[in-house]
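Okay, model07.cif is below, mmCIF, C-alpha atoms:
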data_model
loop_
_atom_site.group_PDB
_atom_site.id
_atom_site.type_symbol
_atom_site.label_atom_id
_atom_site.label_comp_id
_atom_site.auth_asym_id
_atom_site.auth_seq_id
_atom_site.Cartn_x
_atom_site.Cartn_y
_atom_site.Cartn_z
ATOM 1 C CA MET A 1 -5.095 14.721 -4.399
ATOM 2 C CA SER A 2 -2.096 14.136 -6.564
ATOM 3 C CA GLY A 3 -3.198 11.045 -8.472
ATOM 4 C CA ARG A 4 -5.880 9.969 -10.897
ATOM 5 C CA LEU A 5 -7.647 6.839 -12.070
ATOM 6 C CA LEU A 6 -7.090 5.781 -15.669
ATOM 7 C CA PRO A 7 -8.990 2.952 -17.377
ATOM 8 C CA LEU A 8 -6.965 -0.075 -18.354
ATOM 9 C CA LEU A 9 -6.082 0.136 -22.048
ATOM 10 C CA ALA A 10 -6.246 -2.664 -24.576
ATOM 11 C CA GLY A 11 -3.066 -4.703 -24.267
ATOM 12 C CA GLU A 12 -2.527 -3.953 -20.553
ATOM 13 C CA GLN A 13 -4.290 -7.090 -19.275
ATOM 14 C CA ALA A 14 -1.000 -8.986 -18.823
ATOM 15 C CA ALA A 15 0.495 -6.141 -16.754
ATOM 16 C CA ALA A 16 -2.700 -5.989 -14.700
ATOM 17 C CA TYR A 17 -2.583 -9.741 -14.027
ATOM 18 C CA ALA A 18 1.093 -9.498 -13.009
ATOM 19 C CA GLN A 19 0.195 -6.823 -10.457
ATOM 20 C CA TYR A 20 -2.796 -8.890 -9.251
ATOM 21 C CA ARG A 21 -0.578 -11.960 -8.867
ATOM 22 C CA ALA A 22 2.121 -10.073 -6.954
ATOM 23 C CA GLY A 23 -0.376 -8.515 -4.596
ATOM 24 C CA MET A 24 -2.704 -11.460 -4.021
ATOM 25 C CA MET A 25 -0.404 -14.455 -3.876
ATOM 26 C CA ALA A 26 0.813 -13.965 -0.301
ATOM 27 C CA GLY A 27 -2.612 -13.191 1.147
ATOM 28 C CA LEU A 28 -4.451 -15.997 -0.589
ATOM 29 C CA ALA A 29 -1.683 -18.478 0.142
ATOM 30 C CA GLN A 30 -2.544 -18.178 3.847
ATOM 31 C CA ILE A 31 -6.022 -19.656 3.278
ATOM 32 C CA ALA A 32 -5.562 -21.701 0.095
ATOM 33 C CA HIS A 33 -2.855 -23.057 -2.228
ATOM 34 C CA TRP A 34 -2.042 -20.671 -5.087
ATOM 35 C CA ASP A 35 -2.960 -22.395 -8.325
ATOM 36 C CA GLU A 36 -1.686 -20.331 -11.243
ATOM 37 C CA ALA A 37 -4.168 -21.678 -13.805
ATOM 38 C CA VAL A 38 -7.137 -21.229 -11.466
ATOM 39 C CA GLN A 39 -6.075 -17.718 -10.450
ATOM 40 C CA ARG A 40 -5.512 -16.672 -14.068
ATOM 41 C CA GLN A 41 -8.946 -17.990 -15.021
ATOM 42 C CA ARG A 42 -10.524 -16.271 -11.982
ATOM 43 C CA PHE A 43 -8.842 -12.973 -12.865
ATOM 44 C CA ASP A 44 -9.987 -13.122 -16.484
ATOM 45 C CA ALA A 45 -13.551 -14.055 -15.483
ATOM 46 C CA SER A 46 -13.889 -11.641 -12.552
ATOM 47 C CA TYR A 47 -12.149 -8.480 -13.739
ATOM 48 C CA ARG A 48 -13.355 -7.314 -17.115
ATOM 49 C CA GLN A 49 -11.125 -4.749 -18.723
ATOM 50 C CA ALA A 50 -13.918 -2.154 -18.445
ATOM 51 C CA SER A 51 -13.849 -2.404 -14.637
ATOM 52 C CA LEU A 52 -10.061 -2.121 -14.227
ATOM 53 C CA TYR A 53 -8.253 1.128 -13.493
ATOM 54 C CA TRP A 54 -4.700 2.127 -12.761
ATOM 55 C CA TYR A 55 -4.116 4.548 -9.912
ATOM 56 C CA VAL A 56 -1.509 6.850 -11.455
ATOM 57 C CA GLU A 57 0.754 9.529 -9.972
ATOM 58 C CA GLN A 58 3.089 11.506 -12.241
ATOM 59 C CA ASP A 59 2.214 9.156 -15.130
ATOM 60 C CA GLN A 60 3.364 6.087 -13.149
ATOM 61 C CA PRO A 61 0.816 3.311 -12.466
ATOM 62 C CA LEU A 62 1.066 2.634 -8.722
ATOM 63 C CA ALA A 63 -2.004 0.522 -7.950
ATOM 64 C CA LEU A 64 -4.645 -1.532 -9.715
ATOM 65 C CA LEU A 65 -8.358 -1.214 -8.912
ATOM 66 C CA SER A 66 -11.512 -2.879 -10.113
ATOM 67 C CA LEU A 67 -14.551 -0.613 -9.646
ATOM 68 C CA GLN A 68 -18.180 -1.001 -10.535
ATOM 69 C CA ARG A 69 -21.168 1.236 -9.884
ATOM 70 C CA ASP A 70 -23.957 -0.974 -8.561
ATOM 71 C CA GLY A 71 -27.251 0.833 -8.006
ATOM 72 C CA HIS A 72 -26.597 3.299 -5.168
ATOM 73 C CA SER A 73 -23.079 2.146 -4.368
ATOM 74 C CA LEU A 74 -19.612 1.777 -5.755
ATOM 75 C CA ARG A 75 -18.144 -1.677 -5.376
ATOM 76 C CA VAL A 76 -14.393 -2.056 -5.134
ATOM 77 C CA HIS A 77 -13.663 -5.596 -6.255
ATOM 78 C CA LEU A 78 -9.926 -5.154 -6.115
ATOM 79 C CA LEU A 79 -7.244 -2.794 -4.834
ATOM 80 C CA ILE A 80 -3.689 -3.971 -5.373
ATOM 81 C CA VAL A 81 -0.663 -1.947 -4.353
ATOM 82 C CA PRO A 82 2.495 -3.969 -5.063
ATOM 83 C CA PRO A 83 3.931 -5.381 -1.812
ATOM 84 C CA GLY A 84 7.212 -3.442 -2.073
ATOM 85 C CA GLN A 85 5.341 -0.160 -2.530
ATOM 86 C CA GLN A 86 2.870 -0.431 0.351
ATOM 87 C CA ARG A 87 2.746 1.746 3.466
ATOM 88 C CA ASN A 88 3.475 5.023 1.697
ATOM 89 C CA GLY A 89 -0.030 6.407 1.175
ATOM 90 C CA ARG A 90 -0.696 5.178 -2.369
ATOM 91 C CA GLY A 91 -3.583 2.922 -1.374
ATOM 92 C CA ARG A 92 -5.081 5.653 0.815
ATOM 93 C CA ARG A 93 -4.852 8.215 -1.994
ATOM 94 C CA ALA A 94 -6.376 5.739 -4.467
ATOM 95 C CA MET A 95 -9.294 5.099 -2.104
ATOM 96 C CA GLN A 96 -9.755 8.845 -1.559
ATOM 97 C CA LEU A 97 -10.260 9.137 -5.330
ATOM 98 C CA VAL A 98 -12.834 6.348 -5.163
ATOM 99 C CA HIS A 99 -14.607 8.176 -2.331
ATOM 100 C CA ALA A 100 -14.590 11.367 -4.425
ATOM 101 C CA LEU A 101 -16.525 9.514 -7.148
ATOM 102 C CA CYS A 102 -19.424 8.923 -4.747
ATOM 103 C CA ARG A 103 -22.667 10.800 -4.947
ATOM 104 C CA PRO A 104 -24.042 12.256 -1.690
ATOM 105 C CA GLY A 105 -25.146 9.419 0.605
ATOM 106 C CA GLU A 106 -23.671 6.737 -1.631
ATOM 107 C CA GLN A 107 -21.701 3.795 -0.229
ATOM 108 C CA VAL A 108 -18.444 2.130 -1.188
ATOM 109 C CA LEU A 109 -18.584 -1.623 -0.622
ATOM 110 C CA LEU A 110 -15.700 -4.102 -0.619
ATOM 111 C CA SER A 111 -14.474 -7.360 0.880
ATOM 112 C CA CYS A 112 -11.173 -8.258 2.477
ATOM 113 C CA LEU A 113 -9.538 -11.305 4.018
ATOM 114 C CA ARG A 114 -10.623 -11.652 7.631
ATOM 115 C CA HIS A 115 -7.185 -12.664 8.930
ATOM 116 C CA ASP A 116 -5.323 -9.740 7.299
ATOM 117 C CA ARG A 117 -5.102 -7.319 10.225
ATOM 118 C CA ARG A 118 -3.043 -4.789 8.287
ATOM 119 C CA VAL A 119 -5.649 -4.506 5.526
ATOM 120 C CA ARG A 120 -8.446 -4.362 8.087
ATOM 121 C CA ALA A 121 -6.639 -1.519 9.901
ATOM 122 C CA PHE A 122 -6.125 0.284 6.577
ATOM 123 C CA TYR A 123 -9.845 0.265 5.796
ATOM 124 C CA ALA A 124 -10.843 1.061 9.392
ATOM 125 C CA ALA A 125 -8.606 4.159 9.253
ATOM 126 C CA LEU A 126 -10.501 5.232 6.104
ATOM 127 C CA GLY A 127 -13.824 4.926 7.942
ATOM 128 C CA TYR A 128 -15.036 1.513 6.756
ATOM 129 C CA ARG A 129 -17.211 -0.600 9.023
ATOM 130 C CA ILE A 130 -17.861 -4.341 8.953
ATOM 131 C CA VAL A 131 -21.323 -5.198 7.614
ATOM 132 C CA ARG A 132 -20.913 -8.993 7.283
ATOM 133 C CA ALA A 133 -18.357 -11.608 8.293
ATOM 134 C CA ASP A 134 -17.748 -15.234 7.423
ATOM 135 C CA SER A 135 -14.881 -17.574 8.229
ATOM 136 C CA ASP A 136 -12.501 -16.106 5.608
ATOM 137 C CA PHE A 137 -13.852 -12.728 4.463
ATOM 138 C CA LEU A 138 -15.297 -9.475 5.800
ATOM 139 C CA ASP A 139 -17.668 -7.227 3.853
ATOM 140 C CA LEU A 140 -16.948 -3.562 4.557
ATOM 141 C CA CYS A 141 -18.860 -0.351 3.883
ATOM 142 C CA TRP A 142 -17.948 3.340 3.716
ATOM 143 C CA GLN A 143 -20.727 5.947 3.562
ATOM 144 C CA ALA A 144 -20.415 9.302 1.778
ATOM 145 C CA ALA A 145 -21.940 12.306 3.523
ATOM 146 C CA ALA A 146 -25.516 13.020 2.468
#
Let me see whether you can do it: turn the structure in this file into structure tokens.
Amino acid sequence: MSGRLLPLLAGEQAAAYAQYRAGMMAGLAQIAHWDEAVQRQRFDASYRQASLYWYVEQDQPLALLSLQRDGHSLRVHLLIVPPGQQRNGRGRRAMQLVHALCRPGEQVLLSCLRHDRRVRAFYAALGYRIVRADSDFLDLCWQAAA
């Protein structure tokens, strides 16, 4: 693997929100109106600096992730690859690093928008399976080898 995960540094919250906004606006706009104040508040409340990481290749931040170890699983709360930089393997390589953090038999859990077929295909290609579905979201799971 050519990249690495680096924790978000103090003062990088604005850059992280800008990447979140760029990546999430189009997807969320399909199921709800984008409200800047609400989304900013949600970002600040949901993604503590300690859970945010840059996926970096050659010292360039290429994706934003929010990760949390939760008992016997890793939870990915967020993976944002900027729209203009998608479909070139960055998201896949970032998720391979997440998988490499897993202990034997551990799971990676995440949610995605149900209607986003491209994102669903991305996670299916990485070996994720659907464990729960509602009208807007799917909960997905990947299992590390025991």
Using only C-alpha atoms, the best pick from A:Asp59, A:Arg114, A:Phe122, A:Leu74 as closest to Arg87 in chain A would be A:Phe122
In terms of only C-alpha atoms, the residue from A:His115, A:His33, A:Arg48, A:Arg4 at minimal distance from Ala100 in chain A is A:Arg4
Enumerate, as a list in words, the residues matched when the PyMOL selection byres ((chain A and resi 102) around 10) is run on the file above.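 Checked against the file, the PyMOL selection byres ((chain A and resi 102) around 10) matches Arg69, His72, Ser73, Leu74, Leu97, Val98, His99, Ala100, Leu101, Arg103, Pro104, Gly105, Glu106, Gln107, Val108, Gln143, Ala144 and Ala145 of chain A.
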Those same residues - C-alpha atoms - I'd like them written as a tab-separated table (two decimals), in the coordinates of the input.
chain	number	residue	atom	x	y	z
A	69	ARG	CA	-21.17	1.24	-9.88
A	72	HIS	CA	-26.60	3.30	-5.17
A	73	SER	CA	-23.08	2.15	-4.37
A	74	LEU	CA	-19.61	1.78	-5.76
A	97	LEU	CA	-10.26	9.14	-5.33
A	98	VAL	CA	-12.83	6.35	-5.16
A	99	HIS	CA	-14.61	8.18	-2.33
A	100	ALA	CA	-14.59	11.37	-4.42
A	101	LEU	CA	-16.52	9.51	-7.15
A	103	ARG	CA	-22.67	10.80	-4.95
A	104	PRO	CA	-24.04	12.26	-1.69
A	105	GLY	CA	-25.15	9.42	0.60
A	106	GLU	CA	-23.67	6.74	-1.63
A	107	GLN	CA	-21.70	3.80	-0.23
A	108	VAL	CA	-18.44	2.13	-1.19
A	143	GLN	CA	-20.73	5.95	3.56
A	144	ALA	CA	-20.42	9.30	1.78
A	145	ALA	CA	-21.94	12.31	3.52
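Among the candidates A:Tyr55, A:Gln41, A:Glu36, A:Gly23, the one nearest to Pro83 in chain A when counting all atoms listed in the file is A:Gly23.
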For this file, the PyMOL selection byres ((chain A and resi 56-58) around 10) selects which residues, as a list of chain:residue names?
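For this structure, the PyMOL selection byres ((chain A and resi 56-58) around 10) resolves to A:Met1, A:Ser2, A:Gly3, A:Arg4, A:Leu5, A:Leu6, A:Tyr53, A:Trp54, A:Tyr55, A:Asp59, A:Gln60, A:Pro61, A:Leu62, A:Ala63, A:Leu64, A:Arg90, A:Arg93, A:Ala94.
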Could you give me, as a ChimeraX atom specification, the residues that sit within 12 Å of (-4.7, -7.2, -18.8) in the file's coordinates, counting all atoms listed in the file? /A:7-21,40,43-54,64,66
Correct to one decimal, the distance CA of Gly91 in chain A-CA of Tyr128 in chain A is 14.1 Å
